[in-house]
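Asks: File name input00.tsv; file contents TSV, C-alpha atoms and all ligand atoms; full text below.
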```
chain	number	residue	atom	x	y	z
A	197	MET	CA	-48.76	38.37	-3.56
A	198	PHE	CA	-45.91	39.81	-1.49
A	199	SER	CA	-42.78	37.70	-1.25
A	200	VAL	CA	-41.32	37.09	2.21
A	201	SER	CA	-38.56	39.66	1.64
A	202	GLU	CA	-40.99	42.30	0.27
A	203	ARG	CA	-43.18	41.84	3.32
A	204	GLU	CA	-40.20	42.14	5.66
A	205	GLN	CA	-38.97	45.27	3.86
A	206	VAL	CA	-42.25	46.95	4.82
A	207	LEU	CA	-42.70	45.59	8.34
A	208	LEU	CA	-39.23	45.20	9.82
A	209	ALA	CA	-36.82	47.79	11.19
A	210	PRO	CA	-33.38	48.03	9.53
A	211	TYR	CA	-31.76	46.47	12.64
A	212	ALA	CA	-34.11	43.45	12.52
A	213	PHE	CA	-32.86	40.21	11.01
A	214	HIS	CA	-34.17	39.97	7.44
A	215	SER	CA	-34.82	36.37	6.33
A	216	GLU	CA	-33.07	36.79	2.96
A	217	LYS	CA	-29.79	37.32	4.88
A	218	SER	CA	-30.02	33.86	6.49
A	219	LYS	CA	-26.81	31.82	6.37
A	220	GLY	CA	-28.98	28.87	5.39
A	221	ARG	CA	-28.95	25.27	6.57
A	222	ARG	CA	-26.24	22.65	7.03
A	223	TYR	CA	-27.88	20.53	4.31
A	224	PRO	CA	-28.90	22.98	1.56
A	225	GLU	CA	-32.57	23.00	0.60
A	226	THR	CA	-34.54	24.78	-2.13
A	227	VAL	CA	-36.29	28.01	-1.14
A	228	HIS	CA	-39.97	27.54	-0.38
A	229	PRO	CA	-42.30	29.46	-2.73
A	230	TYR	CA	-44.25	31.27	0.01
A	231	ARG	CA	-42.89	30.26	3.44
A	232	GLY	CA	-39.84	32.04	4.83
A	233	PRO	CA	-37.00	29.99	6.34
A	234	PHE	CA	-38.07	30.66	9.94
A	235	GLN	CA	-41.69	29.73	9.22
A	236	ARG	CA	-40.39	26.35	8.05
A	237	ASP	CA	-38.21	26.07	11.17
A	238	ARG	CA	-41.20	26.86	13.37
A	239	ASP	CA	-43.24	24.05	11.78
A	240	ARG	CA	-40.35	21.57	12.03
A	241	ILE	CA	-39.99	22.30	15.75
A	242	ILE	CA	-43.73	21.96	16.45
A	243	HIS	CA	-43.89	18.65	14.60
A	244	CYS	CA	-40.91	17.01	16.32
A	245	ALA	CA	-41.35	14.45	19.10
A	246	ALA	CA	-39.20	16.35	21.63
A	247	PHE	CA	-41.56	19.32	21.36
A	248	ARG	CA	-44.67	17.21	21.97
A	249	ARG	CA	-43.05	15.73	25.07
A	250	LEU	CA	-42.92	19.20	26.67
A	251	SER	CA	-46.63	18.74	27.44
A	252	GLU	CA	-45.69	16.15	30.07
A	253	LYS	CA	-42.58	17.81	31.43
A	254	MET	CA	-42.69	20.01	34.51
A	255	GLN	CA	-41.80	23.68	34.74
A	256	VAL	CA	-41.63	24.04	38.55
A	257	PHE	CA	-44.55	21.93	39.78
A	258	THR	CA	-45.58	18.34	38.99
A	259	ALA	CA	-49.02	16.73	38.98
A	260	GLU	CA	-48.74	16.09	42.75
A	261	PHE	CA	-49.39	19.84	43.17
A	262	GLY	CA	-52.71	19.81	41.29
A	263	ASN	CA	-53.55	20.82	37.74
A	264	TYR	CA	-53.53	24.63	37.70
A	265	HIS	CA	-49.82	25.26	37.18
A	266	ARG	CA	-47.75	25.61	33.99
A	267	THR	CA	-46.09	22.70	32.24
A	268	ARG	CA	-42.94	23.11	30.14
A	269	LEU	CA	-45.19	23.34	27.07
A	270	THR	CA	-47.56	26.01	28.38
A	271	HIS	CA	-44.56	27.95	29.70
A	272	THR	CA	-43.12	27.78	26.17
A	273	MET	CA	-46.41	29.11	24.71
A	274	GLU	CA	-46.35	32.01	27.21
A	275	VAL	CA	-42.77	32.81	26.18
A	276	VAL	CA	-43.83	32.76	22.51
A	277	GLY	CA	-46.66	35.19	23.34
A	278	VAL	CA	-44.52	37.65	25.28
A	279	ALA	CA	-41.65	37.44	22.77
A	280	ARG	CA	-43.89	38.05	19.74
A	281	THR	CA	-45.53	41.01	21.46
A	282	LEU	CA	-42.09	42.51	22.13
A	283	GLY	CA	-40.83	41.62	18.65
A	284	ARG	CA	-43.77	43.18	16.83
A	285	ALA	CA	-43.57	46.36	18.92
A	286	LEU	CA	-39.83	46.63	18.15
A	287	MET	CA	-40.39	45.78	14.42
A	288	LEU	CA	-38.22	42.66	14.63
A	289	ASN	CA	-38.51	39.36	12.72
A	290	GLU	CA	-41.48	37.67	14.40
A	291	ASP	CA	-41.00	34.38	12.52
A	292	LEU	CA	-37.45	34.03	13.86
A	293	ILE	CA	-38.62	35.03	17.34
A	294	GLU	CA	-41.45	32.51	17.33
A	295	ALA	CA	-39.20	29.65	16.18
A	296	ALA	CA	-36.49	30.52	18.73
A	297	ALA	CA	-39.05	30.73	21.55
A	298	LEU	CA	-40.59	27.36	20.61
A	299	LEU	CA	-37.09	25.87	20.57
A	300	HIS	CA	-35.75	27.43	23.78
A	301	ASP	CA	-36.69	24.69	26.31
A	302	ILE	CA	-36.88	21.68	23.98
A	303	GLY	CA	-33.76	20.12	25.57
A	304	HIS	CA	-35.17	19.95	29.09
A	305	PRO	CA	-34.99	16.46	30.61
A	306	PRO	CA	-37.86	15.18	32.79
A	307	PHE	CA	-38.34	17.02	36.10
A	308	GLY	CA	-36.94	20.38	35.03
A	309	HIS	CA	-33.79	21.74	36.60
A	310	THR	CA	-33.68	18.91	39.16
A	311	GLY	CA	-33.47	16.35	36.37
A	312	GLU	CA	-30.84	18.47	34.65
A	313	THR	CA	-28.69	18.77	37.79
A	314	VAL	CA	-28.80	15.01	38.43
A	315	LEU	CA	-27.84	14.16	34.84
A	316	ASP	CA	-25.08	16.77	34.90
A	317	GLY	CA	-23.67	15.16	38.07
A	318	LEU	CA	-23.85	11.68	36.55
A	319	LEU	CA	-21.91	12.90	33.50
A	320	LEU	CA	-19.50	15.03	35.51
A	321	ASN	CA	-16.37	13.58	33.90
A	322	ASP	CA	-18.01	12.93	30.54
A	323	GLY	CA	-18.93	16.37	29.26
A	324	GLY	CA	-21.79	17.07	31.69
A	325	PHE	CA	-25.42	17.72	30.78
A	326	ASP	CA	-27.01	21.06	29.98
A	327	HIS	CA	-30.54	21.56	28.59
A	328	ASN	CA	-29.42	24.23	26.14
A	329	GLY	CA	-26.75	21.98	24.69
A	330	GLN	CA	-29.23	19.09	24.66
A	331	ALA	CA	-31.61	21.18	22.53
A	332	LEU	CA	-28.86	21.41	19.91
A	333	ARG	CA	-28.23	17.64	20.04
A	334	ILE	CA	-31.97	17.03	19.54
A	335	VAL	CA	-32.38	19.29	16.52
A	336	GLU	CA	-29.04	18.42	14.90
A	337	LYS	CA	-28.78	14.71	15.59
A	338	LEU	CA	-31.40	12.91	17.66
A	339	GLU	CA	-34.65	13.69	15.85
A	340	HIS	CA	-35.27	11.50	12.79
A	341	ARG	CA	-38.05	12.95	10.67
A	342	TYR	CA	-36.60	13.58	7.24
A	343	ALA	CA	-35.11	11.17	4.73
A	344	ASP	CA	-32.49	13.64	3.46
A	345	PHE	CA	-30.76	14.63	6.70
A	346	PRO	CA	-30.47	13.87	10.44
A	347	GLY	CA	-32.16	16.23	12.87
A	348	LEU	CA	-34.38	19.09	11.72
A	349	ASN	CA	-31.82	20.95	9.56
A	350	LEU	CA	-32.82	24.30	11.09
A	351	SER	CA	-31.53	27.67	9.91
A	352	ARG	CA	-28.09	28.68	11.18
A	353	GLU	CA	-29.55	31.72	13.05
A	354	LEU	CA	-31.67	29.44	15.26
A	355	LEU	CA	-28.74	27.14	16.04
A	356	ASP	CA	-26.54	30.17	16.82
A	357	GLY	CA	-29.29	31.55	19.06
A	358	GLN	CA	-29.54	28.31	21.01
A	359	ALA	CA	-25.74	28.10	21.27
A	360	PHE	CA	-25.79	31.61	22.76
A	361	LYS	CA	-28.19	30.40	25.46
A	362	GLN	CA	-25.58	27.81	26.37
A	363	SER	CA	-22.45	29.99	26.42
A	364	LYS	CA	-23.64	33.63	26.67
A	365	ASN	CA	-20.23	34.62	25.35
A	366	ARG	CA	-21.25	37.10	22.66
A	367	THR	CA	-24.10	39.38	21.65
A	368	PRO	CA	-26.84	37.58	19.69
A	369	LEU	CA	-29.40	39.04	17.26
A	370	LEU	CA	-32.09	41.27	18.79
A	371	GLU	CA	-34.64	38.53	18.05
A	372	ILE	CA	-32.70	36.09	20.25
A	373	GLN	CA	-32.25	38.74	22.96
A	374	VAL	CA	-36.04	39.22	22.95
A	375	VAL	CA	-36.69	35.50	23.52
A	376	ASP	CA	-34.25	35.46	26.43
A	377	VAL	CA	-35.95	38.33	28.27
A	378	ALA	CA	-39.43	37.01	27.41
A	379	ASP	CA	-38.48	33.73	29.12
A	380	SER	CA	-37.57	35.62	32.27
A	381	ILE	CA	-40.70	37.81	32.20
A	382	ALA	CA	-42.89	34.73	31.72
A	383	TYR	CA	-41.44	32.62	34.54
A	384	ASP	CA	-41.00	35.44	37.05
A	385	THR	CA	-44.71	36.15	36.62
A	386	HIS	CA	-46.29	32.73	36.20
A	387	ASP	CA	-44.30	31.13	39.03
A	388	VAL	CA	-45.85	33.69	41.40
A	389	ASP	CA	-49.32	32.87	40.11
A	390	ASP	CA	-48.77	29.09	40.37
A	391	ALA	CA	-47.13	29.27	43.82
A	392	MET	CA	-50.07	31.32	45.17
A	393	GLU	CA	-52.68	28.98	43.70
A	394	ILE	CA	-50.85	26.00	45.23
A	395	GLY	CA	-50.59	27.79	48.58
A	396	LEU	CA	-46.81	28.17	48.80
A	397	LEU	CA	-47.08	31.98	48.74
A	398	SER	CA	-49.72	34.12	50.44
A	399	THR	CA	-51.26	37.40	49.33
A	400	ASP	CA	-49.49	39.08	52.27
A	401	GLN	CA	-46.13	37.90	51.01
A	402	LEU	CA	-46.82	39.72	47.73
A	403	ALA	CA	-46.03	42.99	49.47
A	404	GLN	CA	-42.52	41.82	50.38
A	405	THR	CA	-40.77	42.74	47.15
A	406	THR	CA	-40.84	46.16	45.49
A	407	LEU	CA	-42.08	44.94	42.11
A	408	TRP	CA	-45.01	43.06	43.63
A	409	LYS	CA	-45.77	45.84	46.13
A	410	HIS	CA	-46.21	48.36	43.31
A	411	SER	CA	-48.50	45.98	41.37
A	412	VAL	CA	-50.57	45.30	44.51
A	413	LYS	CA	-50.92	49.05	45.12
A	414	ARG	CA	-52.03	49.78	41.55
A	415	THR	CA	-54.49	46.86	41.62
A	416	LYS	CA	-56.03	48.04	44.92
A	417	GLU	CA	-56.39	51.55	43.53
A	418	ARG	CA	-58.15	50.27	40.43
A	419	TRP	CA	-60.52	47.72	42.03
A	420	THR	CA	-61.99	47.52	45.51
A	421	ASN	CA	-64.34	44.53	45.22
A	422	LEU	CA	-62.19	41.60	44.03
A	423	ASP	CA	-62.14	38.24	45.78
A	424	GLU	CA	-58.75	36.68	46.52
A	425	SER	CA	-58.44	34.77	43.25
A	426	GLU	CA	-59.56	37.74	41.11
A	427	PHE	CA	-57.17	39.99	43.00
A	428	ARG	CA	-54.26	37.63	42.39
A	429	GLN	CA	-55.02	37.42	38.66
A	430	ALA	CA	-55.24	41.21	38.43
A	431	VAL	CA	-51.86	41.58	40.17
A	432	VAL	CA	-50.33	39.02	37.80
A	433	HIS	CA	-51.67	40.95	34.77
A	434	ASP	CA	-50.21	44.15	36.18
A	435	LEU	CA	-46.86	42.45	36.79
A	436	ILE	CA	-46.57	41.26	33.22
A	437	ASP	CA	-47.72	44.60	31.74
A	438	THR	CA	-45.29	46.52	33.93
A	439	GLN	CA	-42.34	44.40	32.84
A	440	ILE	CA	-43.26	44.49	29.13
A	441	ASN	CA	-43.90	48.26	29.08
A	442	ASP	CA	-40.65	48.94	30.91
A	443	LEU	CA	-38.68	46.62	28.67
A	444	LEU	CA	-40.05	48.21	25.49
A	445	GLN	CA	-39.29	51.72	26.64
A	446	ALA	CA	-35.80	50.92	27.92
A	447	THR	CA	-34.94	48.92	24.79
A	448	ARG	CA	-36.27	51.58	22.37
A	449	ASN	CA	-34.14	54.19	24.15
A	450	ARG	CA	-31.02	52.02	23.85
A	451	ILE	CA	-31.69	51.25	20.17
A	452	GLN	CA	-32.08	54.96	19.47
A	453	THR	CA	-28.95	55.95	21.40
A	454	SER	CA	-26.87	53.21	19.76
A	455	GLY	CA	-27.74	54.40	16.26
A	456	ILE	CA	-27.59	50.85	14.87
A	457	ARG	CA	-28.73	50.43	11.27
A	458	SER	CA	-28.37	46.71	10.64
A	459	ALA	CA	-28.55	43.28	12.27
A	460	ASP	CA	-24.78	42.94	11.69
A	461	GLU	CA	-24.13	46.01	13.85
A	462	VAL	CA	-26.24	44.48	16.64
A	463	LEU	CA	-23.67	41.69	16.98
A	464	GLN	CA	-20.82	44.16	17.55
A	465	ILE	CA	-22.23	45.93	20.62
A	466	THR	CA	-23.48	44.98	24.09
A	467	PRO	CA	-27.06	43.59	24.23
A	468	LEU	CA	-29.79	46.23	23.90
A	469	VAL	CA	-32.87	44.27	24.95
A	470	ALA	CA	-33.10	44.52	28.74
A	471	PRO	CA	-35.30	46.12	31.38
A	472	SER	CA	-34.44	49.50	32.89
A	473	SER	CA	-31.91	49.32	35.71
A	474	GLU	CA	-34.73	50.04	38.21
A	475	ILE	CA	-36.91	47.11	37.06
A	476	ALA	CA	-33.85	44.86	36.60
A	477	GLN	CA	-33.01	45.42	40.26
A	478	GLN	CA	-36.62	44.74	41.30
A	479	LYS	CA	-36.67	41.56	39.20
A	480	SER	CA	-33.56	40.20	40.88
A	481	GLU	CA	-35.22	40.88	44.24
A	482	VAL	CA	-38.25	38.84	43.06
A	483	GLU	CA	-36.00	36.05	41.79
A	484	ALA	CA	-34.15	35.81	45.12
A	485	PHE	CA	-37.51	35.72	46.90
A	486	LEU	CA	-38.86	32.97	44.59
A	487	LEU	CA	-35.69	30.95	45.06
A	488	GLU	CA	-35.98	31.02	48.83
A	489	LYS	CA	-39.75	30.78	49.27
A	490	VAL	CA	-40.83	28.68	46.29
A	491	TYR	CA	-38.06	26.77	44.53
A	492	ARG	CA	-36.56	25.74	47.90
A	493	HIS	CA	-39.87	25.32	49.72
A	494	PRO	CA	-39.76	22.15	51.92
A	495	LYS	CA	-42.57	20.55	49.86
A	496	ILE	CA	-40.59	21.10	46.67
A	497	MET	CA	-37.34	19.87	48.25
A	498	VAL	CA	-38.93	16.57	49.36
A	499	HIS	CA	-40.19	16.06	45.87
A	500	ARG	CA	-36.77	16.88	44.42
A	501	GLY	CA	-35.17	14.12	46.49
A	502	ARG	CA	-37.63	11.61	45.09
A	503	ILE	CA	-37.11	12.79	41.51
A	504	SER	CA	-33.30	12.61	41.80
A	505	HIS	CA	-33.57	9.04	42.96
A	506	TRP	CA	-35.75	8.01	39.99
A	507	ILE	CA	-33.20	9.38	37.53
A	508	GLU	CA	-30.34	7.65	39.36
A	509	ILE	CA	-32.21	4.33	39.26
A	510	LEU	CA	-32.67	4.61	35.49
A	511	PHE	CA	-29.06	5.62	34.94
A	512	ASP	CA	-27.72	2.76	37.12
A	513	TYR	CA	-29.87	0.24	35.33
A	514	TYR	CA	-28.75	1.21	31.82
A	515	ILE	CA	-25.08	1.47	32.82
A	516	LYS	CA	-25.38	-2.24	33.65
A	517	HIS	CA	-27.58	-3.03	30.62
A	518	PRO	CA	-26.70	-0.55	27.81
A	519	ASP	CA	-27.82	-3.14	25.24
A	520	GLU	CA	-31.40	-2.65	26.49
A	521	LEU	CA	-31.53	1.00	25.37
A	522	PRO	CA	-33.99	1.57	22.50
A	523	SER	CA	-32.30	0.94	19.15
A	524	ARG	CA	-32.51	4.61	18.08
A	525	TYR	CA	-29.68	5.34	20.56
A	526	SER	CA	-27.36	2.68	19.09
A	527	GLY	CA	-25.42	5.26	17.02
A	528	VAL	CA	-24.71	7.43	20.07
A	529	LEU	CA	-23.90	4.32	22.12
A	530	LYS	CA	-21.34	3.21	19.54
A	531	HIS	CA	-19.69	6.58	18.83
A	532	GLU	CA	-20.09	8.58	22.07
A	533	GLY	CA	-20.34	5.89	24.72
A	534	ALA	CA	-22.94	4.51	27.11
A	535	LYS	CA	-23.20	7.52	29.45
A	536	ARG	CA	-24.09	9.95	26.65
A	537	ALA	CA	-26.55	7.49	25.09
A	538	ILE	CA	-28.23	6.95	28.47
A	539	ALA	CA	-28.42	10.71	29.09
A	540	ASP	CA	-30.01	11.21	25.65
A	541	TYR	CA	-32.52	8.45	26.43
A	542	ILE	CA	-33.40	9.76	29.91
A	543	ALA	CA	-33.60	13.38	28.68
A	544	ASP	CA	-36.17	12.28	26.12
A	545	LEU	CA	-38.52	10.79	28.73
A	546	THR	CA	-41.51	12.69	30.04
A	547	ASP	CA	-41.94	13.02	33.82
A	548	ARG	CA	-44.56	10.28	33.87
A	549	THR	CA	-42.57	7.85	31.72
A	550	ALA	CA	-39.40	8.45	33.75
A	551	ARG	CA	-41.22	7.63	36.98
A	552	PHE	CA	-42.97	4.62	35.45
A	553	GLU	CA	-39.67	3.31	34.04
A	554	ALA	CA	-37.83	3.84	37.36
A	555	TYR	CA	-40.40	1.69	39.14
A	556	ARG	CA	-40.18	-0.92	36.38
A	557	MET	CA	-36.38	-1.06	36.81
A	558	LEU	CA	-36.82	-1.54	40.56
A	559	GLU	CA	-39.12	-4.49	39.97
A	560	LYS	CA	-36.52	-6.04	37.68
A	561	ASN	CA	-33.68	-5.48	40.12
A	562	GLU	CA	-34.48	-6.68	43.63
A	563	SER	CA	-31.22	-5.45	45.13
A	564	ALA	CA	-32.16	-1.80	44.52
A	565	THR	CA	-34.75	-0.10	46.70
A	566	ILE	CA	-36.47	3.25	46.81
A	567	ARG	CA	-34.47	5.00	49.50
A	568	PRO	CA	-36.42	6.84	52.19
A	569	ILE	CA	-36.50	10.55	51.43
A	570	GLU	CA	-34.52	11.49	54.56
A	571	ASN	CA	-31.65	9.36	53.35
A	572	ILE	CA	-31.68	11.02	49.97
A	573	PHE	CA	-31.06	14.40	51.63
A	574	ARG	CA	-28.26	12.98	53.78
A	575	SER	CA	-26.40	11.27	50.95
B	601	MG	MG	-37.95	28.69	29.59
```
I need this file expressed as structure tokens, please.

Replies:
Amino acid sequence: MFSVSEREQVLLAPYAFHSEKSKGRRYPETVHPYRGPFQRDRDRIIHCAAFRRLSEKMQVFTAEFGNYHRTRLTHTMEVVGVARTLGRALMLNEDLIEAAALLHDIGHPPFGHTGETVLDGLLLNDGGFDHNGQALRIVEKLEHRYADFPGLNLSRELLDGQAFKQSKNRTPLLEIQVVDVADSIAYDTHDVDDAMEIGLLSTDQLAQTTLWKHSVKRTKERWTNLDESEFRQAVVHDLIDTQINDLLQATRNRIQTSGIRSADEVLQITPLVAPSSEIAQQKSEVEAFLLEKVYRHPKIMVHRGRISHWIEILFDYYIKHPDELPSRYSGVLKHEGAKRAIADYIADLTDRTARFEAYRMLEKNESATIRPIENIFRS
């Protein structure tokens, strides 16, 4: 049987991160006889409660918009898929990539970036709230699954990778760079698909950005008899293929030109995993379009107002009654204060539980009311 390091010697490029070079874990553990460190990390992430909750956390759309669209969990699985494809093609450490991709959105509070913005505002003078930082709190402190240590005791490379997502102040390993671009490829593509299915974007609008226009043209050249739904799916497939092919070619060229020979050298130079400048420019055009036409669509904005109010209701309630927080937050409450403990508690909730709890708080507190949506936008 091949050991993990023998297997990696055969399959990985010299600039990939080899598992035997891992800086290890905060609480030292014995080496597993046949699972590499990042395989163990992957399993720890999948088995933690915060990961399971992603199935009921929104990406862009909530259940009010139907049941076609991505959730935070299915988005994560798409990122894993894209990232592993890129990683294998570039001969990188797929185990590290998979674990980092599974981890990347684990700190998201309920209601996606809206929930994050509201919590950040509520903790403005108390350190703020950021989903990347929250992921680190979850895996280092908040999860309780093992008798020997708090958190999941993940490998240092995964914690460093997640810290990079928060600060972006230095070059990370190629494996972490791959997860970052895979995230962007996944959401730029699946948000188009979801928005069209929901009816926020039309087929005609697809021709309004260069990236989409090219995919539409290629799809029309290849098929002439597709109905609207089949056509949309074919365009989406072309979009994802185009971005992956471009990224692989551009990244291979940069790796070759750089002459890097080790993962250590990767850390000393500017990031190498990125699309070509042409596709990068087209992607930012798509992102600006999505921001204006989808993420700020009036239907989404109304919903955002409602969501913000639910989070504020929960926060207000627990500021007045911190002793009613579940007992697992008592350590944070004692050492880091009520606001951080409440943020940890709210961030843990799924969309459905957050909404349910907000209504329960309202029933308990007759002086508070659900504000009309118009007022939410004015305040
Ligand atoms: Mg993501």

Asks: Which chains and residue numbers are within 12 Å of ligand MG 601 (chain B), counting all atoms listed in the file, if I want them as a ChimeraX atom specification?

Replies: /A:250,253-256,266-276,278-279,296-304,308-309,327-328,361,375-384,386-387

Asks: Taking only C-alpha atoms into account, which of A:Val200, A:Ile241, A:Ala470, A:Val432 comes nearest Leu350 (chain A)?

Replies: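 The answer is A:Ile241, which sits nearest to Leu350 (chain A).
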
Asks: Could you list, as a ChimeraX atom specification, every residue within 8 Å of Pro346 (chain A), counting only C-alpha atoms and ignoring same-chain residues fewer than 6 positions away?

Replies: /A:336-340

Asks: Of the candidates A:Ala534, A:Leu486, A:Leu407, A:Leu282, which shows the shortest atom-to-atom distance to Asn441 (chain A), using only C-alpha atoms?

Replies: A:Leu282

Asks: CA of Asn321 (chain A) and CA of Lys535 (chain A) are how many Å apart?

Replies: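 Straight-line distance from CA of Asn321 (chain A) to CA of Lys535 (chain A) works out to 10.2 Å.
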
Asks: Could you list, with a cut-off of 9 Å and counting all atoms listed in the file, the residues of region 305-382 of chain A near region 451-463 of chain A, each shown with its nearest atom pair and the distance in Å rounded to one decimal, rows sorted by chain and ascending number, as a Markdown table?

Replies:
```
| residue | atom | partner | partner_atom | distance |
| --- | --- | --- | --- | --- |
| A:Arg366 | CA | A:Leu463 | CA | 7.7 |
| A:Thr367 | CA | A:Leu463 | CA | 5.2 |
| A:Pro368 | CA | A:Leu463 | CA | 5.9 |
| A:Leu369 | CA | A:Leu463 | CA | 6.3 |
| A:Leu370 | CA | A:Val462 | CA | 7.0 |
```

Asks: If I take CA of Thr466 (chain A) and CA of Leu208 (chain A), how far is one from the other in Å, to one decimal?

Replies: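 Between CA of Thr466 (chain A) and CA of Leu208 (chain A) the gap is 21.3 Å.
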
Asks: Can you pull out every residue within 10 Å of Asp326 (chain A), counting only C-alpha atoms, but drop anything in the same chain fewer than 5 positions away, and send it as a list of chain:residue names?

Replies: A:Gly303, A:His304, A:Pro305, A:His309, A:Glu312, A:Thr313, A:Leu315, A:Asp316, A:Ala331, A:Gln362

Asks: Of the candidates A:Gln439, A:Ser351, A:Ser251, A:Gln373, which shows the shortest atom-to-atom distance to Phe234 (chain A), using all atoms listed in the file?

Replies: A:Ser351

Asks: Quick one: everything within 12 Å of Ser398 (chain A), counting all atoms listed in the file, minus sequence neighbours fewer than 4 positions away in the same chain. Send it as a count of residues only.

Replies: 15

Asks: Taking into account only C-alpha atoms, which residue in the set A:Leu529, A:Leu468, A:Ala476, A:Cys244 is nearest to Arg341 (chain A)?

Replies: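 Checking each candidate against Arg341 (chain A), we get A:Cys244 as the closest.
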
Asks: Restore N, CA and C atoms in region 250-270 of chain A and list the result as a tab-separated table (two decimals), in the coordinates of the input.

Replies:
```tsv
chain	number	residue	atom	x	y	z
A	250	LEU	N	-42.89	18.10	25.69
A	250	LEU	CA	-42.92	19.20	26.67
A	250	LEU	C	-44.25	19.26	27.41
A	251	SER	N	-45.31	18.69	26.79
A	251	SER	CA	-46.63	18.74	27.44
A	251	SER	C	-46.64	17.91	28.72
A	252	GLU	N	-45.74	16.96	28.84
A	252	GLU	CA	-45.69	16.15	30.07
A	252	GLU	C	-44.37	16.32	30.80
A	253	LYS	N	-43.78	17.50	30.65
A	253	LYS	CA	-42.58	17.81	31.43
A	253	LYS	C	-42.87	19.02	32.32
A	254	MET	N	-42.35	18.98	33.54
A	254	MET	CA	-42.69	20.01	34.51
A	254	MET	C	-41.92	21.31	34.26
A	255	GLN	N	-42.51	22.40	34.68
A	255	GLN	CA	-41.80	23.68	34.74
A	255	GLN	C	-41.22	23.79	36.16
A	256	VAL	N	-42.07	24.02	37.15
A	256	VAL	CA	-41.63	24.04	38.55
A	256	VAL	C	-42.41	22.99	39.36
A	257	PHE	N	-43.68	22.80	39.00
A	257	PHE	CA	-44.55	21.93	39.78
A	257	PHE	C	-45.00	20.71	38.96
A	258	THR	N	-45.11	19.57	39.65
A	258	THR	CA	-45.58	18.34	38.99
A	258	THR	C	-47.04	18.10	39.35
A	259	ALA	N	-47.60	17.02	38.80
A	259	ALA	CA	-49.02	16.73	38.98
A	259	ALA	C	-49.41	16.57	40.45
A	260	GLU	N	-48.45	16.23	41.32
A	260	GLU	CA	-48.74	16.09	42.75
A	260	GLU	C	-49.27	17.41	43.33
A	261	PHE	N	-48.98	18.53	42.65
A	261	PHE	CA	-49.39	19.84	43.17
A	261	PHE	C	-50.71	20.32	42.56
A	262	GLY	N	-51.43	19.42	41.88
A	262	GLY	CA	-52.71	19.81	41.29
A	262	GLY	C	-52.60	19.99	39.79
A	263	ASN	N	-53.57	20.71	39.20
A	263	ASN	CA	-53.55	20.82	37.74
A	263	ASN	C	-53.75	22.26	37.25
A	264	TYR	N	-53.40	23.22	38.10
A	264	TYR	CA	-53.53	24.63	37.70
A	264	TYR	C	-52.27	25.14	37.02
A	265	HIS	N	-51.11	24.66	37.52
A	265	HIS	CA	-49.82	25.26	37.18
A	265	HIS	C	-49.35	24.99	35.73
A	266	ARG	N	-48.32	25.74	35.34
A	266	ARG	CA	-47.75	25.61	33.99
A	266	ARG	C	-46.98	24.31	33.82
A	267	THR	N	-47.02	23.77	32.62
A	267	THR	CA	-46.09	22.70	32.24
A	267	THR	C	-45.00	23.36	31.39
A	268	ARG	N	-44.01	22.58	31.00
A	268	ARG	CA	-42.94	23.11	30.14
A	268	ARG	C	-43.53	23.60	28.81
A	269	LEU	N	-44.59	22.94	28.34
A	269	LEU	CA	-45.19	23.34	27.07
A	269	LEU	C	-45.96	24.65	27.21
A	270	THR	N	-46.78	24.77	28.27
A	270	THR	CA	-47.56	26.01	28.38
A	270	THR	C	-46.64	27.18	28.74
```
